[in-house]
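S.K.: This is coords_20.pdb, which holds PDB, C-alpha atoms:
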```
ATOM      1  CA  MET X   1      97.356  38.947  63.246
ATOM      2  CA  THR X   2      99.384  42.131  63.343
ATOM      3  CA  LYS X   3     100.656  43.460  66.621
ATOM      4  CA  HIS X   4      97.550  45.640  66.879
ATOM      5  CA  ASP X   5      94.475  44.523  68.780
ATOM      6  CA  ILE X   6      91.920  44.212  66.023
ATOM      7  CA  SER X   7      88.500  43.656  67.471
ATOM      8  CA  ASN X   8      86.492  44.727  64.443
ATOM      9  CA  ILE X   9      87.689  42.055  62.017
ATOM     10  CA  GLU X  10      84.897  40.392  60.167
ATOM     11  CA  GLU X  11      85.100  37.287  58.072
ATOM     12  CA  LEU X  12      84.596  37.959  54.402
ATOM     13  CA  SER X  13      81.737  36.183  52.697
ATOM     14  CA  PRO X  14      82.817  33.458  50.232
ATOM     15  CA  GLU X  15      81.798  35.769  47.356
ATOM     16  CA  LEU X  16      83.866  38.687  48.651
ATOM     17  CA  ARG X  17      86.819  36.411  49.360
ATOM     18  CA  GLU X  18      86.695  34.902  45.857
ATOM     19  CA  GLY X  19      86.333  38.338  44.265
ATOM     20  CA  LEU X  20      89.241  39.750  46.250
ATOM     21  CA  LEU X  21      91.508  36.816  45.353
ATOM     22  CA  LYS X  22      90.688  37.338  41.650
ATOM     23  CA  VAL X  23      91.559  41.037  41.889
ATOM     24  CA  LEU X  24      94.796  40.319  43.781
ATOM     25  CA  LYS X  25      95.816  37.599  41.312
ATOM     26  CA  ALA X  26      95.173  39.834  38.294
ATOM     27  CA  ARG X  27      97.188  42.678  39.866
ATOM     28  CA  PHE X  28      99.979  40.259  40.821
ATOM     29  CA  GLU X  29     100.202  38.918  37.242
ATOM     30  CA  LYS X  30     100.031  42.392  35.686
ATOM     31  CA  ASN X  31     102.863  43.765  37.851
ATOM     32  CA  MET X  32     105.482  41.008  37.920
ATOM     33  CA  ASN X  33     108.261  43.610  38.238
ATOM     34  CA  ARG X  34     107.199  44.018  41.881
ATOM     35  CA  HIS X  35     107.785  40.339  42.737
ATOM     36  CA  GLN X  36     109.742  38.667  39.940
ATOM     37  CA  SER X  37     110.796  35.512  41.748
ATOM     38  CA  LEU X  38     107.441  34.810  43.411
ATOM     39  CA  GLU X  39     104.569  32.580  42.299
ATOM     40  CA  TRP X  40     100.894  33.452  42.770
ATOM     41  CA  ALA X  41     100.015  29.871  43.767
ATOM     42  CA  ASP X  42     102.329  30.164  46.796
ATOM     43  CA  VAL X  43     100.868  33.548  47.775
ATOM     44  CA  GLN X  44      97.306  32.256  47.435
ATOM     45  CA  ALA X  45      98.094  29.174  49.522
ATOM     46  CA  LYS X  46      99.443  31.432  52.283
ATOM     47  CA  LEU X  47      96.341  33.649  52.081
ATOM     48  CA  GLU X  48      94.044  30.636  52.282
ATOM     49  CA  ALA X  49      95.952  29.428  55.355
ATOM     50  CA  HIS X  50      95.555  32.867  56.989
ATOM     51  CA  THR X  51      92.092  33.972  55.944
ATOM     52  CA  GLU X  52      91.975  36.630  58.677
ATOM     53  CA  LYS X  53      94.491  38.598  56.574
ATOM     54  CA  LEU X  54      92.001  38.734  53.706
ATOM     55  CA  TRP X  55      89.847  41.141  55.705
ATOM     56  CA  SER X  56      92.776  43.576  55.987
ATOM     57  CA  LEU X  57      93.535  43.218  52.276
ATOM     58  CA  HIS X  58      89.860  43.836  51.547
ATOM     59  CA  GLU X  59      90.022  47.042  53.614
ATOM     60  CA  MET X  60      93.153  48.114  51.728
ATOM     61  CA  GLU X  61      91.345  47.480  48.446
ATOM     62  CA  ARG X  62      88.077  49.088  49.576
ATOM     63  CA  THR X  63      89.841  52.324  50.511
ATOM     64  CA  GLY X  64      91.671  52.545  47.172
ATOM     65  CA  GLY X  65      95.078  51.131  48.090
ATOM     66  CA  GLU X  66      95.350  48.529  45.316
ATOM     67  CA  PRO X  67      97.458  46.167  47.475
ATOM     68  CA  ASP X  68     100.034  43.969  45.801
ATOM     69  CA  VAL X  69     102.891  41.712  46.875
ATOM     70  CA  ILE X  70     106.157  43.649  46.956
ATOM     71  CA  GLY X  71     108.404  41.168  48.712
ATOM     72  CA  TYR X  72     109.014  37.956  50.593
ATOM     73  CA  ASP X  73     110.747  37.663  53.972
ATOM     74  CA  ALA X  74     112.689  34.381  53.842
ATOM     75  CA  LYS X  75     113.344  34.500  57.607
ATOM     76  CA  THR X  76     109.659  34.553  58.561
ATOM     77  CA  GLY X  77     108.096  33.091  55.425
ATOM     78  CA  ASP X  78     105.887  36.181  55.121
ATOM     79  CA  TYR X  79     104.719  37.720  51.885
ATOM     80  CA  ILE X  80     104.686  41.503  52.129
ATOM     81  CA  PHE X  81     101.729  43.357  50.641
ATOM     82  CA  CYS X  82     101.744  47.117  50.201
ATOM     83  CA  ASP X  83      99.379  49.748  48.834
ATOM     84  CA  CYS X  84     100.479  50.216  45.228
ATOM     85  CA  SER X  85      97.884  52.723  44.011
ATOM     86  CA  ALA X  86      99.477  55.413  41.843
ATOM     87  CA  GLU X  87      98.405  58.106  44.326
ATOM     88  CA  SER X  88      97.805  57.964  48.069
ATOM     89  CA  PRO X  89      94.629  55.877  48.590
ATOM     90  CA  LYS X  90      91.524  58.045  48.067
ATOM     91  CA  GLY X  91      89.613  56.493  50.953
ATOM     92  CA  ARG X  92      92.352  57.455  53.417
ATOM     93  CA  ARG X  93      92.956  61.125  52.659
ATOM     94  CA  SER X  94      92.126  64.317  54.567
ATOM     95  CA  ILE X  95      93.265  62.817  57.864
ATOM     96  CA  CYS X  96      95.740  64.008  60.453
ATOM     97  CA  TYR X  97      98.575  61.867  61.810
ATOM     98  CA  ASP X  98      97.342  60.392  65.128
ATOM     99  CA  ARG X  99      94.749  60.614  67.929
ATOM    100  CA  LYS X 100      96.726  63.228  69.889
ATOM    101  CA  ALA X 101      96.824  65.445  66.802
ATOM    102  CA  LEU X 102      93.109  64.936  66.171
ATOM    103  CA  GLU X 103      92.238  65.876  69.752
ATOM    104  CA  SER X 104      94.474  68.964  69.627
ATOM    105  CA  ARG X 105      92.393  70.553  66.872
ATOM    106  CA  LYS X 106      89.876  72.995  68.259
ATOM    107  CA  GLU X 107      87.813  73.284  65.056
ATOM    108  CA  HIS X 108      87.605  71.843  61.552
ATOM    109  CA  LYS X 109      88.636  68.418  62.789
ATOM    110  CA  PRO X 110      89.290  65.739  60.173
ATOM    111  CA  GLN X 111      87.199  62.587  60.233
ATOM    112  CA  ASN X 112      90.045  60.329  61.306
ATOM    113  CA  ASN X 113      93.791  59.885  61.750
ATOM    114  CA  ALA X 114      96.331  57.712  59.970
ATOM    115  CA  ILE X 115      97.644  55.720  62.947
ATOM    116  CA  GLU X 116      94.222  54.600  64.185
ATOM    117  CA  MET X 117      92.867  53.967  60.689
ATOM    118  CA  ALA X 118      95.803  51.680  59.924
ATOM    119  CA  ALA X 119      95.386  49.845  63.219
ATOM    120  CA  ALA X 120      91.654  49.374  62.613
ATOM    121  CA  MET X 121      92.471  47.923  59.183
ATOM    122  CA  GLY X 122      95.111  45.584  60.643
ATOM    123  CA  ILE X 123      97.937  47.155  58.636
ATOM    124  CA  GLU X 124     101.073  49.175  59.385
ATOM    125  CA  LEU X 125     101.953  52.638  58.095
ATOM    126  CA  LEU X 126     105.102  52.579  56.004
ATOM    127  CA  THR X 127     108.346  53.836  57.471
ATOM    128  CA  GLU X 128     110.378  56.338  55.470
ATOM    129  CA  GLU X 129     112.712  53.493  54.463
ATOM    130  CA  GLN X 130     109.823  51.297  53.282
ATOM    131  CA  TYR X 131     108.374  54.232  51.344
ATOM    132  CA  ARG X 132     111.700  54.752  49.571
ATOM    133  CA  GLU X 133     111.911  51.011  48.783
ATOM    134  CA  LEU X 134     108.387  51.100  47.300
ATOM    135  CA  GLN X 135     109.472  53.895  44.971
ATOM    136  CA  HIS X 136     112.002  51.510  43.365
ATOM    137  CA  LEU X 137     109.010  49.497  42.092
ATOM    138  CA  GLY X 138     107.222  52.389  40.399
ATOM    139  CA  ASN X 139     106.430  56.088  40.538
ATOM    140  CA  PHE X 140     104.010  56.671  43.394
ATOM    141  CA  ASP X 141     102.518  59.875  44.833
ATOM    142  CA  LEU X 142     103.348  62.161  41.915
ATOM    143  CA  LYS X 143     100.376  64.391  42.840
ATOM    144  CA  THR X 144      99.625  63.322  46.427
ATOM    145  CA  SER X 145     101.610  62.617  49.589
ATOM    146  CA  SER X 146     101.505  59.953  52.290
ATOM    147  CA  TRP X 147     102.046  60.089  56.042
ATOM    148  CA  VAL X 148     104.823  57.738  57.211
ATOM    149  CA  ILE X 149     105.828  56.560  60.677
ATOM    150  CA  THR X 150     107.263  59.562  62.475
ATOM    151  CA  PRO X 151     110.259  59.233  64.798
ATOM    152  CA  ALA X 152     109.307  59.768  68.458
ATOM    153  CA  ASN X 153     111.564  62.809  68.874
ATOM    154  CA  ILE X 154     109.800  64.643  66.030
ATOM    155  CA  ARG X 155     106.346  63.592  67.207
ATOM    156  CA  SER X 156     107.069  64.712  70.800
ATOM    157  CA  LEU X 157     107.638  68.217  69.442
ATOM    158  CA  GLY X 158     104.273  68.217  67.621
ATOM    159  CA  GLY X 159     105.455  67.278  64.164
ATOM    160  CA  ALA X 160     104.889  64.395  61.792
ATOM    161  CA  ILE X 161     106.524  63.451  58.505
ATOM    162  CA  PHE X 162     105.172  62.547  55.092
ATOM    163  CA  CYS X 163     106.675  61.647  51.741
ATOM    164  CA  ASP X 164     105.959  62.123  48.065
ATOM    165  CA  ARG X 165     107.721  61.881  44.732
ATOM    166  CA  ARG X 166     108.439  64.958  42.637
ATOM    167  CA  TYR X 167     111.098  65.626  39.988
ATOM    168  CA  ASP X 168     111.983  61.917  39.966
ATOM    169  CA  THR X 169     113.037  62.218  43.615
ATOM    170  CA  VAL X 170     111.487  61.041  46.888
ATOM    171  CA  PHE X 171     111.051  63.911  49.318
ATOM    172  CA  VAL X 172     110.459  63.756  53.057
ATOM    173  CA  TYR X 173     108.664  66.719  54.589
ATOM    174  CA  HIS X 174     107.277  67.748  57.936
ATOM    175  CA  ASN X 175     104.029  69.292  59.104
ATOM    176  CA  GLY X 176     102.230  69.756  62.356
ATOM    177  CA  ALA X 177     100.740  66.341  63.129
ATOM    178  CA  GLU X 178      97.286  67.938  63.325
ATOM    179  CA  SER X 179      97.395  69.143  59.717
ATOM    180  CA  TYR X 180      95.412  67.419  57.006
ATOM    181  CA  TYR X 181      95.007  67.920  53.291
ATOM    182  CA  ALA X 182      92.786  66.514  50.552
ATOM    183  CA  ALA X 183      95.875  65.201  48.771
ATOM    184  CA  ARG X 184      97.507  63.509  51.789
ATOM    185  CA  GLY X 185      96.673  60.033  53.026
ATOM    186  CA  PHE X 186      98.772  57.053  53.994
ATOM    187  CA  ARG X 187     100.065  53.823  52.529
ATOM    188  CA  GLY X 188     100.137  50.635  54.521
ATOM    189  CA  SER X 189     101.768  47.246  54.508
ATOM    190  CA  LEU X 190     100.618  43.816  55.615
ATOM    191  CA  ARG X 191     102.575  40.640  56.227
ATOM    192  CA  VAL X 192     100.880  37.341  55.399
TER     193      VAL X 192
END
```
Re-express the file's structure as structure tokens.

M.R.:
Amino acid sequence: MTKHDISNIEELSPELREGLLKVLKARFEKNMNRHQSLEWADVQAKLEAHTEKLWSLHEMERTGGEPDVIGYDAKTGDYIFCDCSAESPKGRRSICYDRKALESRKEHKPQNNAIEMAAAMGIELLTEEQYRELQHLGNFDLKTSSWVITPANIRSLGGAIFCDRRYDTVFVYHNGAESYYAARGFRGSLRV
């Protein structure tokens, strides 16, 4: 489990589990540049030993994240999955940053917020550093942007940060945490 309290996790049916593993394997094999020294059989064995993580991966997939393995942590033995969709996942856009921001809006409230959505999915928002590392594996968010974990000092002043890629450069911007846009969502990561 992640450090979040996830009370809404459901077990995937055998059909959904099998379908998800096929999708993940095909994506893994198609994008070997993201994980050159890793073998799918090892990743699948880890997933089958931690089936509760499949629900989170299913949620990442269902909301348009196209999760894929982007690394391996030799210290913990964890495989690191990340949303690798070309643009910020469609099913996670038009949301503000967190609950406080959502509650601060007097009208035209978005449906949700990035922090709570990620927690409900059992995943973590990317940090700015993780977002920059992801961009070494491809060109992501050329038309969209993604909320990233905001430092406490910025958040305490009402702001939140997001990133995108334009002009072959990763940019970090700020907005009021309560803002939301059709082209801004969030990317997440999951350790298995």

S.K.: Would you kindly return, as a list in words, each protein, DNA or RNA residue with an atom no farther than 9 Å from any atom of X:Tyr72, considering only C-alpha atoms and excluding same-chain residues fewer than 6 positions away?

M.R.: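 Non-adjacent residues within range: His35, Leu38, Asp78, Tyr79, Ile80 and Arg191 of chain X.
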
S.K.: For the residues in that selection, give me C-alpha atoms as an mmCIF file, in the frame of the given file.

M.R.:
```
data_model
loop_
_atom_site.group_PDB
_atom_site.id
_atom_site.type_symbol
_atom_site.label_atom_id
_atom_site.label_comp_id
_atom_site.auth_asym_id
_atom_site.auth_seq_id
_atom_site.Cartn_x
_atom_site.Cartn_y
_atom_site.Cartn_z
ATOM 1 C CA HIS X 35 107.785 40.339 42.737
ATOM 2 C CA LEU X 38 107.441 34.810 43.411
ATOM 3 C CA ASP X 78 105.887 36.181 55.121
ATOM 4 C CA TYR X 79 104.719 37.720 51.885
ATOM 5 C CA ILE X 80 104.686 41.503 52.129
ATOM 6 C CA ARG X 191 102.575 40.640 56.227
#
```

S.K.: Need the shell around stretch 51-59 of chain X: protein/DNA/RNA residues with any atom at most 7 Å away, counting all atoms listed in the file. Skip same-chain ones fewer than 5 positions apart. Format as a PyMOL selection string?

M.R.: chain X and resi 9-12+20+67+121-123+192

S.K.: Considering all atoms listed in the file, can you say which of X:Glu15, X:Ala101, X:Ala152, X:Ser85 comes closest to X:Arg27?

M.R.: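 The closest residue to X:Arg27 is X:Ser85.
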
S.K.: Could you tell me how far atom CA of X:Val43 sits from atom CA of X:Glu66, in Å to one decimal place?

M.R.: 16.2 Å

S.K.: Would you tabulate, counting all atoms listed in the file, all residues of stretch 65-116 of chain X that have an atom at most 7 Å from an atom of stretch 179-189 of chain X, showing the closest pair of atoms and their distance in Å to one decimal, sorted by chain then ascending number, as CSV?

M.R.:
```
residue,atom,partner,partner_atom,distance
X:Ile80,CA,X:Ser189,CA,6.9
X:Phe81,CA,X:Ser189,CA,5.5
X:Cys82,CA,X:Ser189,CA,4.3
X:Asp83,CA,X:Arg187,CA,5.5
X:Ser88,CA,X:Gly185,CA,5.5
X:Pro89,CA,X:Gly185,CA,6.4
X:Arg92,CA,X:Gly185,CA,5.0
X:Arg93,CA,X:Gly185,CA,3.9
X:Ser94,CA,X:Ala182,CA,4.6
X:Ile95,CA,X:Tyr180,CA,5.2
X:Cys96,CA,X:Tyr180,CA,4.9
X:Ala114,CA,X:Phe186,CA,6.5
```

S.K.: At most 8 Å from (103.3, 41.5, 44.1), file frame, only C-alpha atoms: which residues, as a list in words?

M.R.: Arg27, Phe28, Glu29, Asn31, Met32, Asn33, Arg34, His35, Leu38, Asp68, Val69, Ile70, Gly71 and Phe81 of chain X

S.K.: What residues come out when you apply the PyMOL selection byres ((chain X and resi 134-145) around 6) to this file, written as a list in words?

M.R.: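 The output of the PyMOL selection byres ((chain X and resi 134-145) around 6) on this file is Arg34, Ala86, Glu87, Ser88, Tyr131, Arg132, Glu133, Ser146, Cys163, Asp164, Arg165, Arg166, Ala183 and Arg184 of chain X.
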
S.K.: One number please: atom CA of X:His174 to atom CA of X:Ala160, in Å, one decimal.

M.R.: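 Calculated distance between atom CA of X:His174 and atom CA of X:Ala160 is 5.6 Å.
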
S.K.: Counting all atoms listed in the file, which of X:Leu47, X:Tyr97, X:Arg155, X:Val23 gets nearest to X:Glu61?

M.R.: X:Val23

S.K.: With only C-alpha atoms as the basis for distance, which of X:Ala26, X:Met117, X:Leu125, X:Leu21 is at the shortest distance from X:Ala45?

M.R.: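 The answer is X:Leu21, which sits nearest to X:Ala45.
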
S.K.: So how far away is atom CA of X:Arg62 from atom CA of X:Glu103, in Å?

M.R.: 26.6 Å

S.K.: Render stretch 95-108 of chain X from the structure in the preceding block as a file of N, CA, C and O atoms, as a short mmCIF file (atom, residue, chain, number, x, y, z; two decimals), in the first residue's frame.

M.R.:
```cif
data_model
loop_
_atom_site.label_atom_id
_atom_site.label_comp_id
_atom_site.auth_asym_id
_atom_site.auth_seq_id
_atom_site.Cartn_x
_atom_site.Cartn_y
_atom_site.Cartn_z
N ILE X 95 -9.34 20.19 -12.67
CA ILE X 95 -9.38 20.04 -11.22
C ILE X 95 -8.42 21.05 -10.59
O ILE X 95 -7.41 21.40 -11.19
N CYS X 96 -8.76 21.49 -9.40
CA CYS X 96 -7.86 22.39 -8.69
C CYS X 96 -6.82 21.55 -7.93
O CYS X 96 -6.77 20.33 -8.07
N TYR X 97 -5.99 22.21 -7.13
CA TYR X 97 -4.86 21.51 -6.53
C TYR X 97 -5.23 20.62 -5.34
O TYR X 97 -4.85 19.46 -5.29
N ASP X 98 -5.95 21.16 -4.33
CA ASP X 98 -6.24 20.36 -3.14
C ASP X 98 -7.60 20.73 -2.54
O ASP X 98 -8.32 21.59 -3.07
N ARG X 99 -7.97 20.08 -1.46
CA ARG X 99 -9.27 20.29 -0.81
C ARG X 99 -9.44 21.74 -0.36
O ARG X 99 -10.49 22.33 -0.53
N LYS X 100 -8.41 22.31 0.26
CA LYS X 100 -8.49 23.70 0.72
C LYS X 100 -8.80 24.63 -0.43
O LYS X 100 -9.63 25.55 -0.30
N ALA X 101 -8.17 24.40 -1.57
CA ALA X 101 -8.43 25.23 -2.76
C ALA X 101 -9.86 25.04 -3.25
O ALA X 101 -10.54 26.00 -3.59
N LEU X 102 -10.30 23.80 -3.27
CA LEU X 102 -11.67 23.50 -3.71
C LEU X 102 -12.69 24.20 -2.82
O LEU X 102 -13.64 24.82 -3.30
N GLU X 103 -12.49 24.14 -1.53
CA GLU X 103 -13.42 24.76 -0.58
C GLU X 103 -13.37 26.29 -0.62
O GLU X 103 -14.34 26.95 -0.27
N SER X 104 -12.26 26.85 -1.09
CA SER X 104 -12.14 28.31 -1.14
C SER X 104 -12.92 28.92 -2.29
O SER X 104 -13.22 30.12 -2.26
N ARG X 105 -13.27 28.12 -3.28
CA ARG X 105 -14.02 28.65 -4.42
C ARG X 105 -15.46 28.89 -4.01
O ARG X 105 -16.11 28.01 -3.48
N LYS X 106 -15.94 30.06 -4.31
CA LYS X 106 -17.32 30.41 -3.96
C LYS X 106 -18.30 29.92 -5.03
O LYS X 106 -19.43 29.57 -4.74
N GLU X 107 -17.88 29.91 -6.28
CA GLU X 107 -18.74 29.46 -7.38
C GLU X 107 -17.89 28.79 -8.45
O GLU X 107 -16.67 28.90 -8.44
N HIS X 108 -18.55 28.12 -9.36
CA HIS X 108 -17.89 27.40 -10.45
C HIS X 108 -16.80 26.46 -9.93
O HIS X 108 -15.66 26.45 -10.41
#
```
